[in-house]
Every structure is written in C-alpha cells, then in structure tokens.
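> Before we start, here is the structure in question, set down as structure tokens.
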Amino acid sequence: MALVPKHIKELSPYKAGKPISEVQRELGLEEIVKLASNENPLGPPKSSIRAAQDSLMECHRYPDAAAFELRDKLATRFDLKMENVVLGGGSEGVMSTIMRTFLKPGDEIVAALNSFIGFRVLANASGNHTNWIPMKDYHYDLSSMADAINDYTKIIYLANPDNPTGTYFTVDEFDRFMSRVPERVLVLLDEAYFEYAQNAANFPDSMHYRYDNVITLRTFSKAYGLAGFRVGYGFGHADLIGNLLKVKLPFEPAIPAQSAAIAALDDDAYLLSALTVNMDGMDQITTTFDEFELRYIPSVTNFVTLLFNDGVQAKDFTQTMLENGVILRHLIGFGLPECVRVTIGTTDENEFFIDKLNKIMEKTV
Ligand SMILES: Cc1ncc(COP(=O)(O)O)c(C=O)c1O
C-alpha cells in the first residue's frame with residue numbers, strides 16, 4: 001500500500017524463539033525443553049508473583065505515571081537520583097523511547113552487525129541510516145566503530161555483554177572507545193546480562209562511569225526472571241532522562257509489572273540462586289561441549305553459542321534437536337548462519353539436552 005513508508009515495507013517481522021506449545025502441537029512430543037530465548041529457567045520469584053497478585057485489585061486504576069516507588073528504589077540501589085531513572089516495557093521499550101526522542105531525519109546510527117536483533121529492528125524502523133560494523137572473531141570491533149563516527153552520527157549502540165555472541169569488551173577497550181566519542185553522540189549501553197557478567201575480568205560496570213552522553217539499559221527480564229512482565233530501565237544524565245520521560249508512553253510498565261519488579265529487587269535469595277544455577281549450568285554444558293570437541297564462543301551470560309562449519313550443519317543440528325524435544329536458536333536471523341545459541345537451563349533441563357546430544361553424537365560418530 002502506498003501509505004506504508006518504504007523502510008517499513010522492507011522490514012521483516014521479528015521472529016522470536018518457538019514457544020513450547022507450538023513445538024508440542026507440531027511434533028507431538030511429550031517432553032520439551034526450551035533453551036532458545038535466554039530466559040531465566042527458575043520461573044519468576046515467588047515474592048514477585050505474590051506482589052503482582054496483591055496489586056490486581058488496583059488494576060481498574062492507571063499506574064502511577066511517575067512510577068515513583070520503583071524508580072526511587074532503583075535510584076537508591078544504584079546511588080542515583082530518581083531524575084536519572086526511566087522505565088519502560090522491557091529494556092526494548094526504553095530503547096524504543098530513546099530512538100523516538102533523540103533521532104531526527106538525517107541523523108545516523110552506528111551499531112555492530114550481528115548483534116541484538118531487537119535493536120536492529122528499531123534502527124531499521126526509525127528510517128535513519130545505520131552504519132553496521134562487522135564484529136571481529138565474534139567480539140565488538142570498537143576501534144572500527146569509532147572510525148565510523150561522522151558528523152551525522154547521533155546514536156551508537158553497544159550491548160555489553162553482547163547477545164548472541166556472549167562476549168564482552170573490557171574497561172580498557174571501553175575507555176579507549178569513549179575517548180573517541182564526541183559529546184554530541186549518545187552511547188546506548190545495553191547491559192541486559194549485567195548481573196551474569198559483572199564479575200568477569202575487567203568488565204566495565206557502566207554505573208561506575210558518569211558520562212553525560214551514555215544511557216545504561218538494564219532489565220528485569222533475565223537474572224530477575226520477569227521477562228513476561230516487561231520491565232526494563234535506563235540510567236542517565238537528568239537532562240536526557242527528563243526528555244525521555246516526556247516522550248515515553250506514560251503508563252508503562254503496568255501496575256502488576258511494577259509491583260513484581262519492586263519485590264524482585266528485595267529478593268536477594270532469588271537473584272543469588274539464579275546466578276548460581278546459571279554458573280553451574282554453564283559449566284555442565286560447556287564441559288559436555290569440550291568432551292565432544294564441539295566449538296563454542298566462551299560466554300559471560302546465560303547462554304552459549306555453538307560454532308559449526310557452515311549454515312547447513314548448524315540448521316540440521318537445530319532441527320535434529322527440535323525433533324528430540326530441545327528448542328535451540330539457529331542464528332541465521334542474526335546473520336550468523338554457522339551459529340546455534342543454547343540458553344542455560346535448570347540442571348534437569350541441561351541434562352535432558354546433554355542426553356539428546358549424546359544420542360545425536362553417537363549417531364554421527
Ligand atoms: C542484548 C539484549 N538487550 C535487550 C534485550 C531485551 O530485553 P527486555 O526483555 O528487557 O526488553 C535482550 C533480550 O533478549 C537482549 O538480549
């Protein structure tokens with residue numbers, strides 16, 4: 001239709017990991033394990049479920065547009081002021097607000113090729129030109145990204161650690177990069193997997209930096225186990241955040257989502273067990289990969305990406321696993337056809353996957 005802009009027509013719809021019910025229907029399998037969408041396998045924190053349930057009686061009302069309690073709690077936790085905190089429907093919701101707030105026609109974006117698809121969709125939907133910079137050996141090539149900054153560059157997107165590679169850039173690399181970024185350019189630092197990565201060697205915790213032109217994005221979707229509630233947050237200079245607050249949808253996140261997030265922030269035991277289960281599971285899965293001499297990219301997140309010789313092998317592996325009841329993510333949509341991403345599950349889910357892997361590998365040897 002003529003009324004649809006060309007850049008929107010050219011977008012492909014976002015393809016999420018297959019839901020369990022769909023695979024069950026299609027393949028008639030009883031037991032299915034989904035290790036495809038980097039979700040927290042523990043289920044939501046019980047404290048969040050209770051808090052969300054308790055909030056339901058308030059749901060004939062609109063949420064507090066200022067989201068005072070959650071923003072205040074986040075500000076206190078990270079030693080900031082409430083004016084430095086913005087919320088959204090997931091961190092992607094905040095990202096979307098950022099794009100709408102800061103990009104004008106003619107502005108350009110710099111981002112890494114093969115990084116988070118959610119950002120790619122937003123960048124392409126914005127109608128602004130993006131300089132997509134190839135990665136080097138599945139790591140951000142920050143020096144080439146800095147080289148790509150020009151007079152029109154407005155936003156640079158960095159996911160640290162990155163999805164789907166699971167790799168990260170260090171304090172030194174980030175410092176060197178930031179020394180080349182003019183103050184008129186906004187750096188969007190996506191730390192969706194921060195809780196998993198925070199203790200990795202020389203990981204740059206952006207909360208220890210106070211650049212006026214950096215907005216840090218974090219989320220309750222991963223380590224806090226609340227992906228379905230859709231709560232994410234951004235931290236930045238009060239002036240930037242103040243303008244985001246003018247543009248954001250006023251009532252996001254919904255009341256139960258805000259209540260769930262507030263409870264999760266107080267639930268240290270849940271976070272600790274999520275991180276422990278993930279660390280043990282990463283060990284369990286990568287040890288098995290080593291035994292089978294399967295190549296993978298070492299990861300500091302809650303997923304690990306397998307490397308095959310080519311796209312056909314990777315696709316076949318994903319399909320065979322699916323037929324055995326394990327949903328994985330073939331990364332063809334990320335432009336990495338030789339890669340298959342495996343999310344770390346519970347010990348039992350990982351064992352199920354390892355058991356199927358044993359079966360498949362026995363057949364191929
Ligand atoms: C790098 C990265 N950023 C952001 C997100 C989106 O998270 P949210 O659920 O907070 O929108 C994801 C989810 O997979 C991600 O991998």
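In the structure tokens, the first chain shown is A, the next is B, and so on; residue numbers restart at 1 for each chain, and ligands run from 1 in the order shown.
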If you count only C-alpha atoms and all ligand atoms, which residues end up within 9 Å of ligand 1, as an MDAnalysis selection string?
chainID A and resid 37:39 88:95 115:119 158:164 190:193 217:222 226:233
> Okay, now the selection with C-alpha atoms, as a short mmCIF file (atom, residue, chain, number, x, y, z; two decimals), in the first residue's frame?

data_model
loop_
_atom_site.label_atom_id
_atom_site.label_comp_id
_atom_site.auth_asym_id
_atom_site.auth_seq_id
_atom_site.Cartn_x
_atom_site.Cartn_y
_atom_site.Cartn_z
CA SER A 37 15.25 -17.27 24.35
CA ASN A 38 17.76 -16.52 27.14
CA GLU A 39 15.00 -16.69 29.74
CA GLY A 88 9.83 1.01 30.02
CA GLY A 89 8.11 -2.13 28.76
CA GLY A 90 11.32 -4.15 28.94
CA SER A 91 14.64 -2.54 28.10
CA GLU A 92 13.50 -2.70 24.49
CA GLY A 93 10.66 -0.38 25.49
CA VAL A 94 13.22 2.11 26.83
CA MET A 95 15.31 1.68 23.67
CA SER A 115 24.29 -8.00 17.49
CA PHE A 116 20.89 -7.94 19.25
CA ILE A 117 18.06 -8.24 16.73
CA GLY A 118 15.71 -6.09 18.81
CA PHE A 119 17.96 -3.10 18.24
CA LEU A 158 26.72 -1.25 22.33
CA ALA A 159 25.47 -4.42 24.00
CA ASN A 160 27.86 -5.45 26.73
CA PRO A 161 27.90 -8.40 27.03
CA ASP A 162 26.58 -8.99 23.57
CA ASN A 163 23.69 -11.19 22.50
CA PRO A 164 24.04 -13.57 20.63
CA ASP A 190 22.75 -2.20 26.77
CA GLU A 191 23.59 -4.27 29.85
CA ALA A 192 20.70 -6.74 29.73
CA TYR A 193 23.02 -9.50 31.01
CA LEU A 217 19.94 -0.02 29.90
CA ARG A 218 19.14 -2.91 32.22
CA THR A 219 16.22 -5.27 32.61
CA PHE A 220 14.18 -7.46 34.92
CA SER A 221 13.78 -9.99 32.06
CA LYS A 222 16.92 -12.05 32.59
CA LEU A 226 10.37 -11.42 34.89
CA ALA A 227 10.54 -11.41 31.07
CA GLY A 228 6.78 -11.80 30.65
CA PHE A 229 6.05 -8.78 32.86
CA ARG A 230 8.04 -6.45 30.59
CA VAL A 231 10.02 -4.16 32.87
CA GLY A 232 13.29 -2.53 31.88
CA TYR A 233 15.08 0.62 32.98
#
> In region 102-303 of chain A, what's strand (DSSP E or B) per DSSP? Answer as a count of residues only?
38
> Which residue, A:Leu336, A:Asn302, A:Pro182, A:Met145, has the smallest gap to Asn114 (chain A) when you use only C-alpha atoms?
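With only C-alpha atoms as the atom set, the closest residue is A:Leu336.
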> Would you list the contacts of Gly311 (chain A) as a PyMOL selection string, taking every protein, DNA or RNA residue within 12 Å and counting only C-alpha atoms, but skipping same-chain residues closer than 3 positions in sequence?
chain A and resi 306-308+314-318+330-333+335-340
> CA of Thr216 (chain A) to CA of Phe235 (chain A): how many Å, to one decimal?
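Atom-to-atom, CA of Thr216 (chain A) to CA of Phe235 (chain A), that is 5.1 Å.
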> Taking the backbone alone, and naming residues the way the document does, which bits of region 54-299 of chain A are helix (DSSP H, G or I) by DSSP, as a VMD selection string?
chain A and resid 54 to 58 68 to 77 82 to 84 90 to 102 117 to 126 142 to 147 171 to 178 194 to 197 206 to 208 227 to 229 238 to 247 255 to 266 268 to 291
> Would you list the contacts of Thr320 (chain A) as a list in words, taking every protein, DNA or RNA residue within 12 Å and counting only C-alpha atoms, but skipping same-chain residues closer than 4 positions in sequence?
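Surrounding residues, per the criterion: Leu27, Gln313, Ala314, Lys315, Asp316, Asn324, Gly325, Val326, Ile327, Leu328, His330, Phe353, Lys356, Leu357, Lys359, Ile360, Met361, Lys363 and Thr364 of chain A.
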> Name the closest residue to Val171 (chain A) among the candidates A:Glu108, A:Asp205, A:Asp141, A:Glu26; distances are taken between atoms, counting only C-alpha atoms.
A:Asp205
> Which neighbours of region 268-279 of chain A fall inside 7 Å, counting only C-alpha atoms, when residues of the same chain fewer than 2 positions from it are skipped, and could you give them as a ChimeraX atom specification?
/A:42,45,196,223-224,266,281-283,302,344,346
> Only N, CA, C and O atoms, please: the residues just picked out, written as a PDB file, in the first residue's frame.

ATOM      1  N   LEU A  42      14.307 -20.577  36.217  1.00  0.00           N
ATOM      2  CA  LEU A  42      13.774 -20.861  37.564  1.00  0.00           C
ATOM      3  C   LEU A  42      12.302 -20.513  37.725  1.00  0.00           C
ATOM      4  O   LEU A  42      11.696 -20.835  38.737  1.00  0.00           O
ATOM      5  N   PRO A  45      10.364 -15.000  40.540  1.00  0.00           N
ATOM      6  CA  PRO A  45      10.494 -15.068  42.007  1.00  0.00           C
ATOM      7  C   PRO A  45       9.106 -15.169  42.643  1.00  0.00           C
ATOM      8  O   PRO A  45       8.180 -14.478  42.219  1.00  0.00           O
ATOM      9  N   TYR A 196      24.862 -11.345  35.230  1.00  0.00           N
ATOM     10  CA  TYR A 196      25.654 -12.551  34.966  1.00  0.00           C
ATOM     11  C   TYR A 196      27.130 -12.203  34.739  1.00  0.00           C
ATOM     12  O   TYR A 196      28.010 -12.989  35.050  1.00  0.00           O
ATOM     13  N   ALA A 223      18.155 -12.055  34.712  1.00  0.00           N
ATOM     14  CA  ALA A 223      18.506 -12.613  36.024  1.00  0.00           C
ATOM     15  C   ALA A 223      17.358 -12.502  37.035  1.00  0.00           C
ATOM     16  O   ALA A 223      17.282 -13.291  37.977  1.00  0.00           O
ATOM     17  N   TYR A 224      16.454 -11.534  36.858  1.00  0.00           N
ATOM     18  CA  TYR A 224      15.338 -11.378  37.799  1.00  0.00           C
ATOM     19  C   TYR A 224      14.114 -12.214  37.406  1.00  0.00           C
ATOM     20  O   TYR A 224      13.099 -12.204  38.116  1.00  0.00           O
ATOM     21  N   ASP A 266      14.072  -6.731  46.102  1.00  0.00           N
ATOM     22  CA  ASP A 266      14.342  -7.064  47.509  1.00  0.00           C
ATOM     23  C   ASP A 266      14.660  -8.535  47.698  1.00  0.00           C
ATOM     24  O   ASP A 266      14.969  -8.969  48.806  1.00  0.00           O
ATOM     25  N   GLY A 281      25.182 -24.446  35.487  1.00  0.00           N
ATOM     26  CA  GLY A 281      24.675 -24.943  34.206  1.00  0.00           C
ATOM     27  C   GLY A 281      25.645 -24.649  33.071  1.00  0.00           C
ATOM     28  O   GLY A 281      25.827 -25.478  32.169  1.00  0.00           O
ATOM     29  N   MET A 282      26.257 -23.483  33.102  1.00  0.00           N
ATOM     30  CA  MET A 282      27.233 -23.120  32.067  1.00  0.00           C
ATOM     31  C   MET A 282      28.391 -24.121  32.100  1.00  0.00           C
ATOM     32  O   MET A 282      28.866 -24.590  31.057  1.00  0.00           O
ATOM     33  N   ASP A 283      28.790 -24.469  33.308  1.00  0.00           N
ATOM     34  CA  ASP A 283      29.877 -25.417  33.492  1.00  0.00           C
ATOM     35  C   ASP A 283      29.478 -26.805  32.949  1.00  0.00           C
ATOM     36  O   ASP A 283      30.210 -27.440  32.196  1.00  0.00           O
ATOM     37  N   ASN A 302      23.871 -15.897  30.148  1.00  0.00           N
ATOM     38  CA  ASN A 302      23.096 -17.103  30.465  1.00  0.00           C
ATOM     39  C   ASN A 302      22.832 -17.929  29.204  1.00  0.00           C
ATOM     40  O   ASN A 302      21.834 -18.625  29.118  1.00  0.00           O
ATOM     41  N   ILE A 344      21.194 -21.451  28.926  1.00  0.00           N
ATOM     42  CA  ILE A 344      21.434 -22.339  30.067  1.00  0.00           C
ATOM     43  C   ILE A 344      20.109 -22.569  30.798  1.00  0.00           C
ATOM     44  O   ILE A 344      19.395 -21.614  31.105  1.00  0.00           O
ATOM     45  N   THR A 346      17.795 -25.218  33.803  1.00  0.00           N
ATOM     46  CA  THR A 346      17.998 -25.809  35.128  1.00  0.00           C
ATOM     47  C   THR A 346      18.883 -27.049  34.942  1.00  0.00           C
ATOM     48  O   THR A 346      19.065 -27.527  33.818  1.00  0.00           O
TER      49      THR A 346
END
> Write out as a list in words which residues come within 8 Å of Ile156 (chain A) when counting only C-alpha atoms, dropping same-chain ones fewer than 5 positions away.
Ile109, Val110, Ala111, Val185, Leu186, Val187 and Leu188 of chain A
> Could you list, as a PDB file with all heavy atoms, in the first residue's frame, every residue within 12 Å of Tyr209 (chain A), counting only C-alpha atoms and ignoring same-chain residues fewer than 2 positions away?

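Below is the file that was written, selection26.pdb:
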ATOM      1  N   PHE A  78      21.301   2.132  43.212  1.00  0.00           N
ATOM      2  CA  PHE A  78      22.493   2.451  42.424  1.00  0.00           C
ATOM      3  C   PHE A  78      23.070   3.828  42.750  1.00  0.00           C
ATOM      4  O   PHE A  78      23.867   4.358  41.990  1.00  0.00           O
ATOM      5  CB  PHE A  78      22.178   2.338  40.926  1.00  0.00           C
ATOM      6  CG  PHE A  78      21.900   0.919  40.518  1.00  0.00           C
ATOM      7  CD1 PHE A  78      20.607   0.484  40.296  1.00  0.00           C
ATOM      8  CD2 PHE A  78      22.935   0.006  40.397  1.00  0.00           C
ATOM      9  CE1 PHE A  78      20.343  -0.835  39.941  1.00  0.00           C
ATOM     10  CE2 PHE A  78      22.683  -1.305  40.040  1.00  0.00           C
ATOM     11  CZ  PHE A  78      21.387  -1.731  39.813  1.00  0.00           C
ATOM     12  N   VAL A 171      37.189  -2.860  30.402  1.00  0.00           N
ATOM     13  CA  VAL A 171      37.325  -1.477  30.877  1.00  0.00           C
ATOM     14  C   VAL A 171      38.236  -0.686  29.940  1.00  0.00           C
ATOM     15  O   VAL A 171      37.879   0.403  29.479  1.00  0.00           O
ATOM     16  CB  VAL A 171      37.926  -1.469  32.309  1.00  0.00           C
ATOM     17  CG1 VAL A 171      38.292  -0.058  32.744  1.00  0.00           C
ATOM     18  CG2 VAL A 171      36.983  -2.126  33.294  1.00  0.00           C
ATOM     19  N   PHE A 174      36.692  -0.047  26.560  1.00  0.00           N
ATOM     20  CA  PHE A 174      35.609   0.937  26.644  1.00  0.00           C
ATOM     21  C   PHE A 174      36.179   2.349  26.824  1.00  0.00           C
ATOM     22  O   PHE A 174      35.736   3.291  26.170  1.00  0.00           O
ATOM     23  CB  PHE A 174      34.664   0.574  27.801  1.00  0.00           C
ATOM     24  CG  PHE A 174      33.468   1.467  27.929  1.00  0.00           C
ATOM     25  CD1 PHE A 174      32.614   1.659  26.850  1.00  0.00           C
ATOM     26  CD2 PHE A 174      33.185   2.128  29.121  1.00  0.00           C
ATOM     27  CE1 PHE A 174      31.495   2.496  26.956  1.00  0.00           C
ATOM     28  CE2 PHE A 174      32.076   2.959  29.232  1.00  0.00           C
ATOM     29  CZ  PHE A 174      31.236   3.148  28.158  1.00  0.00           C
ATOM     30  N   ASP A 175      37.204   2.475  27.693  1.00  0.00           N
ATOM     31  CA  ASP A 175      37.815   3.796  27.914  1.00  0.00           C
ATOM     32  C   ASP A 175      38.380   4.348  26.612  1.00  0.00           C
ATOM     33  O   ASP A 175      38.193   5.519  26.277  1.00  0.00           O
ATOM     34  CB  ASP A 175      38.955   3.696  28.953  1.00  0.00           C
ATOM     35  CG  ASP A 175      38.403   3.535  30.360  1.00  0.00           C
ATOM     36  OD1 ASP A 175      37.208   3.805  30.560  1.00  0.00           O
ATOM     37  OD2 ASP A 175      39.174   3.122  31.254  1.00  0.00           O
ATOM     38  N   MET A 178      35.497   5.418  24.380  1.00  0.00           N
ATOM     39  CA  MET A 178      34.805   6.635  24.811  1.00  0.00           C
ATOM     40  C   MET A 178      35.658   7.880  24.565  1.00  0.00           C
ATOM     41  O   MET A 178      35.122   8.963  24.326  1.00  0.00           O
ATOM     42  CB  MET A 178      34.402   6.536  26.290  1.00  0.00           C
ATOM     43  CG  MET A 178      33.213   5.635  26.563  1.00  0.00           C
ATOM     44  SD  MET A 178      31.726   6.003  25.583  1.00  0.00           S
ATOM     45  CE  MET A 178      31.261   7.618  26.194  1.00  0.00           C
ATOM     46  N   LEU A 189      24.206   2.005  26.064  1.00  0.00           N
ATOM     47  CA  LEU A 189      24.958   0.861  26.584  1.00  0.00           C
ATOM     48  C   LEU A 189      23.973  -0.154  27.157  1.00  0.00           C
ATOM     49  O   LEU A 189      23.419   0.042  28.239  1.00  0.00           O
ATOM     50  CB  LEU A 189      25.933   1.367  27.652  1.00  0.00           C
ATOM     51  CG  LEU A 189      27.004   0.427  28.138  1.00  0.00           C
ATOM     52  CD1 LEU A 189      27.731  -0.236  26.981  1.00  0.00           C
ATOM     53  CD2 LEU A 189      28.002   1.179  28.989  1.00  0.00           C
ATOM     54  N   PRO A 204      33.495  -3.642  32.366  1.00  0.00           N
ATOM     55  CA  PRO A 204      33.222  -2.250  32.741  1.00  0.00           C
ATOM     56  C   PRO A 204      31.787  -2.061  33.236  1.00  0.00           C
ATOM     57  O   PRO A 204      30.864  -2.067  32.434  1.00  0.00           O
ATOM     58  CB  PRO A 204      33.445  -1.482  31.428  1.00  0.00           C
ATOM     59  CG  PRO A 204      33.228  -2.490  30.347  1.00  0.00           C
ATOM     60  CD  PRO A 204      33.445  -3.861  30.906  1.00  0.00           C
ATOM     61  N   ASP A 205      31.601  -1.933  34.531  1.00  0.00           N
ATOM     62  CA  ASP A 205      30.281  -1.664  35.105  1.00  0.00           C
ATOM     63  C   ASP A 205      29.970  -0.191  34.826  1.00  0.00           C
ATOM     64  O   ASP A 205      30.574   0.698  35.422  1.00  0.00           O
ATOM     65  CB  ASP A 205      30.338  -1.933  36.612  1.00  0.00           C
ATOM     66  CG  ASP A 205      29.027  -1.598  37.303  1.00  0.00           C
ATOM     67  OD1 ASP A 205      28.164  -0.965  36.665  1.00  0.00           O
ATOM     68  OD2 ASP A 205      28.882  -1.969  38.480  1.00  0.00           O
ATOM     69  N   SER A 206      29.014   0.048  33.940  1.00  0.00           N
ATOM     70  CA  SER A 206      28.816   1.425  33.489  1.00  0.00           C
ATOM     71  C   SER A 206      28.314   2.323  34.614  1.00  0.00           C
ATOM     72  O   SER A 206      28.351   3.546  34.496  1.00  0.00           O
ATOM     73  CB  SER A 206      27.853   1.463  32.307  1.00  0.00           C
ATOM     74  OG  SER A 206      26.599   1.048  32.730  1.00  0.00           O
ATOM     75  N   MET A 207      27.835   1.743  35.709  1.00  0.00           N
ATOM     76  CA  MET A 207      27.388   2.583  36.821  1.00  0.00           C
ATOM     77  C   MET A 207      28.568   3.265  37.512  1.00  0.00           C
ATOM     78  O   MET A 207      28.390   4.195  38.282  1.00  0.00           O
ATOM     79  CB  MET A 207      26.599   1.750  37.837  1.00  0.00           C
ATOM     80  CG  MET A 207      25.334   1.144  37.289  1.00  0.00           C
ATOM     81  SD  MET A 207      24.286   2.322  36.452  1.00  0.00           S
ATOM     82  CE  MET A 207      23.796   3.321  37.831  1.00  0.00           C
ATOM     83  N   TYR A 211      29.356   9.292  32.416  1.00  0.00           N
ATOM     84  CA  TYR A 211      29.410  10.084  31.188  1.00  0.00           C
ATOM     85  C   TYR A 211      28.046  10.725  30.961  1.00  0.00           C
ATOM     86  O   TYR A 211      27.018  10.058  31.114  1.00  0.00           O
ATOM     87  CB  TYR A 211      29.706   9.178  29.984  1.00  0.00           C
ATOM     88  CG  TYR A 211      31.122   8.679  29.906  1.00  0.00           C
ATOM     89  CD1 TYR A 211      31.419   7.335  30.117  1.00  0.00           C
ATOM     90  CD2 TYR A 211      32.156   9.548  29.568  1.00  0.00           C
ATOM     91  CE1 TYR A 211      32.716   6.865  30.019  1.00  0.00           C
ATOM     92  CE2 TYR A 211      33.453   9.086  29.470  1.00  0.00           C
ATOM     93  CZ  TYR A 211      33.730   7.747  29.691  1.00  0.00           C
ATOM     94  OH  TYR A 211      35.000   7.286  29.585  1.00  0.00           O
ATOM     95  N   ASP A 212      28.056  11.999  30.566  1.00  0.00           N
ATOM     96  CA  ASP A 212      26.783  12.676  30.323  1.00  0.00           C
ATOM     97  C   ASP A 212      26.095  12.165  29.066  1.00  0.00           C
ATOM     98  O   ASP A 212      24.895  12.368  28.883  1.00  0.00           O
ATOM     99  CB  ASP A 212      27.002  14.194  30.181  1.00  0.00           C
ATOM    100  CG  ASP A 212      27.321  14.816  31.530  1.00  0.00           C
ATOM    101  OD1 ASP A 212      27.225  14.099  32.549  1.00  0.00           O
ATOM    102  OD2 ASP A 212      27.677  16.007  31.550  1.00  0.00           O
ATOM    103  N   ASN A 213      26.849  11.537  28.165  1.00  0.00           N
ATOM    104  CA  ASN A 213      26.257  11.094  26.898  1.00  0.00           C
ATOM    105  C   ASN A 213      26.124   9.568  26.813  1.00  0.00           C
ATOM    106  O   ASN A 213      26.137   9.004  25.724  1.00  0.00           O
ATOM    107  CB  ASN A 213      27.066  11.621  25.703  1.00  0.00           C
ATOM    108  CG  ASN A 213      28.508  11.145  25.741  1.00  0.00           C
ATOM    109  OD1 ASN A 213      29.028  10.839  26.802  1.00  0.00           O
ATOM    110  ND2 ASN A 213      29.151  11.069  24.591  1.00  0.00           N
ATOM    111  N   VAL A 214      26.024   8.926  27.975  1.00  0.00           N
ATOM    112  CA  VAL A 214      25.794   7.466  27.980  1.00  0.00           C
ATOM    113  C   VAL A 214      24.488   7.179  28.713  1.00  0.00           C
ATOM    114  O   VAL A 214      24.254   7.702  29.807  1.00  0.00           O
ATOM    115  CB  VAL A 214      26.948   6.717  28.693  1.00  0.00           C
ATOM    116  CG1 VAL A 214      26.621   5.229  28.831  1.00  0.00           C
ATOM    117  CG2 VAL A 214      28.262   6.891  27.921  1.00  0.00           C
ATOM    118  N   ILE A 215      23.631   6.358  28.102  1.00  0.00           N
ATOM    119  CA  ILE A 215      22.466   5.839  28.834  1.00  0.00           C
ATOM    120  C   ILE A 215      22.665   4.344  28.993  1.00  0.00           C
ATOM    121  O   ILE A 215      22.911   3.626  28.015  1.00  0.00           O
ATOM    122  CB  ILE A 215      21.138   6.121  28.092  1.00  0.00           C
ATOM    123  CG1 ILE A 215      20.898   7.627  28.027  1.00  0.00           C
ATOM    124  CG2 ILE A 215      19.973   5.436  28.807  1.00  0.00           C
ATOM    125  CD1 ILE A 215      19.607   8.028  27.322  1.00  0.00           C
ATOM    126  N   THR A 216      22.622   3.884  30.240  1.00  0.00           N
ATOM    127  CA  THR A 216      22.752   2.456  30.533  1.00  0.00           C
ATOM    128  C   THR A 216      21.361   1.837  30.554  1.00  0.00           C
ATOM    129  O   THR A 216      20.452   2.387  31.174  1.00  0.00           O
ATOM    130  CB  THR A 216      23.383   2.256  31.931  1.00  0.00           C
ATOM    131  OG1 THR A 216      24.701   2.801  31.901  1.00  0.00           O
ATOM    132  CG2 THR A 216      23.450   0.792  32.314  1.00  0.00           C
ATOM    133  N   PHE A 235      19.413   4.332  32.897  1.00  0.00           N
ATOM    134  CA  PHE A 235      20.029   5.320  33.786  1.00  0.00           C
ATOM    135  C   PHE A 235      20.786   6.326  32.922  1.00  0.00           C
ATOM    136  O   PHE A 235      21.468   5.920  31.977  1.00  0.00           O
ATOM    137  CB  PHE A 235      21.075   4.663  34.693  1.00  0.00           C
ATOM    138  CG  PHE A 235      20.518   3.683  35.675  1.00  0.00           C
ATOM    139  CD1 PHE A 235      21.000   2.390  35.709  1.00  0.00           C
ATOM    140  CD2 PHE A 235      19.546   4.067  36.579  1.00  0.00           C
ATOM    141  CE1 PHE A 235      20.512   1.475  36.622  1.00  0.00           C
ATOM    142  CE2 PHE A 235      19.053   3.148  37.495  1.00  0.00           C
ATOM    143  CZ  PHE A 235      19.542   1.856  37.523  1.00  0.00           C
ATOM    144  N   GLY A 236      20.705   7.592  33.271  1.00  0.00           N
ATOM    145  CA  GLY A 236      21.478   8.568  32.511  1.00  0.00           C
ATOM    146  C   GLY A 236      21.398   9.943  33.142  1.00  0.00           C
ATOM    147  O   GLY A 236      20.768  10.135  34.204  1.00  0.00           O
ATOM    148  N   HIS A 237      22.011  10.924  32.462  1.00  0.00           N
ATOM    149  CA  HIS A 237      22.006  12.308  32.919  1.00  0.00           C
ATOM    150  C   HIS A 237      20.552  12.793  33.033  1.00  0.00           C
ATOM    151  O   HIS A 237      19.721  12.484  32.166  1.00  0.00           O
ATOM    152  CB  HIS A 237      22.768  13.151  31.895  1.00  0.00           C
ATOM    153  CG  HIS A 237      22.995  14.553  32.344  1.00  0.00           C
ATOM    154  ND1 HIS A 237      22.021  15.528  32.296  1.00  0.00           N
ATOM    155  CD2 HIS A 237      24.094  15.142  32.866  1.00  0.00           C
ATOM    156  CE1 HIS A 237      22.507  16.655  32.768  1.00  0.00           C
ATOM    157  NE2 HIS A 237      23.764  16.454  33.123  1.00  0.00           N
TER     158      HIS A 237
END
> Go ahead and compute the interatomic distance for CA of Ala260 (chain A) and CA of Ala51 (chain A), in Å to one decimal.
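Here the two named atoms are 5.6 Å from each other.
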> How many Å lie between CA of Trp132 (chain A) and CA of Ala112 (chain A), rounded to one decimal?
5.3 Å
> Region 26-139 of chain A near region 18-22 of chain A within 12 Å: what's each residue's closest atom pair and its distance in Å to one decimal, counting only C-alpha atoms, ordered by chain then ascending residue number, as a Markdown table?

| residue | atom | partner | partner_atom | distance |
| --- | --- | --- | --- | --- |
| A:Glu26 | CA | A:Glu22 | CA | 6.1 |
| A:Leu27 | CA | A:Glu22 | CA | 8.5 |
| A:Gly28 | CA | A:Glu22 | CA | 9.7 |
| A:Leu29 | CA | A:Ser21 | CA | 10.0 |
| A:Glu30 | CA | A:Ser21 | CA | 10.4 |
| A:Glu31 | CA | A:Ile20 | CA | 9.5 |
| A:Ile32 | CA | A:Ile20 | CA | 6.7 |
| A:Val33 | CA | A:Ile20 | CA | 7.6 |
| A:Lys34 | CA | A:Ile20 | CA | 6.6 |
| A:Leu35 | CA | A:Lys18 | CA | 10.1 |
| A:Ala36 | CA | A:Lys18 | CA | 7.8 |
| A:Ser37 | CA | A:Lys18 | CA | 8.8 |
> Could you check the closest approach to Pro41 (chain A) for each of A:Phe303, A:Ser126, A:Gly225, A:Tyr168 and tell me which residue wins, using only C-alpha atoms?
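When distances to Pro41 (chain A) are compared using only C-alpha atoms, the smallest one comes from A:Gly225.
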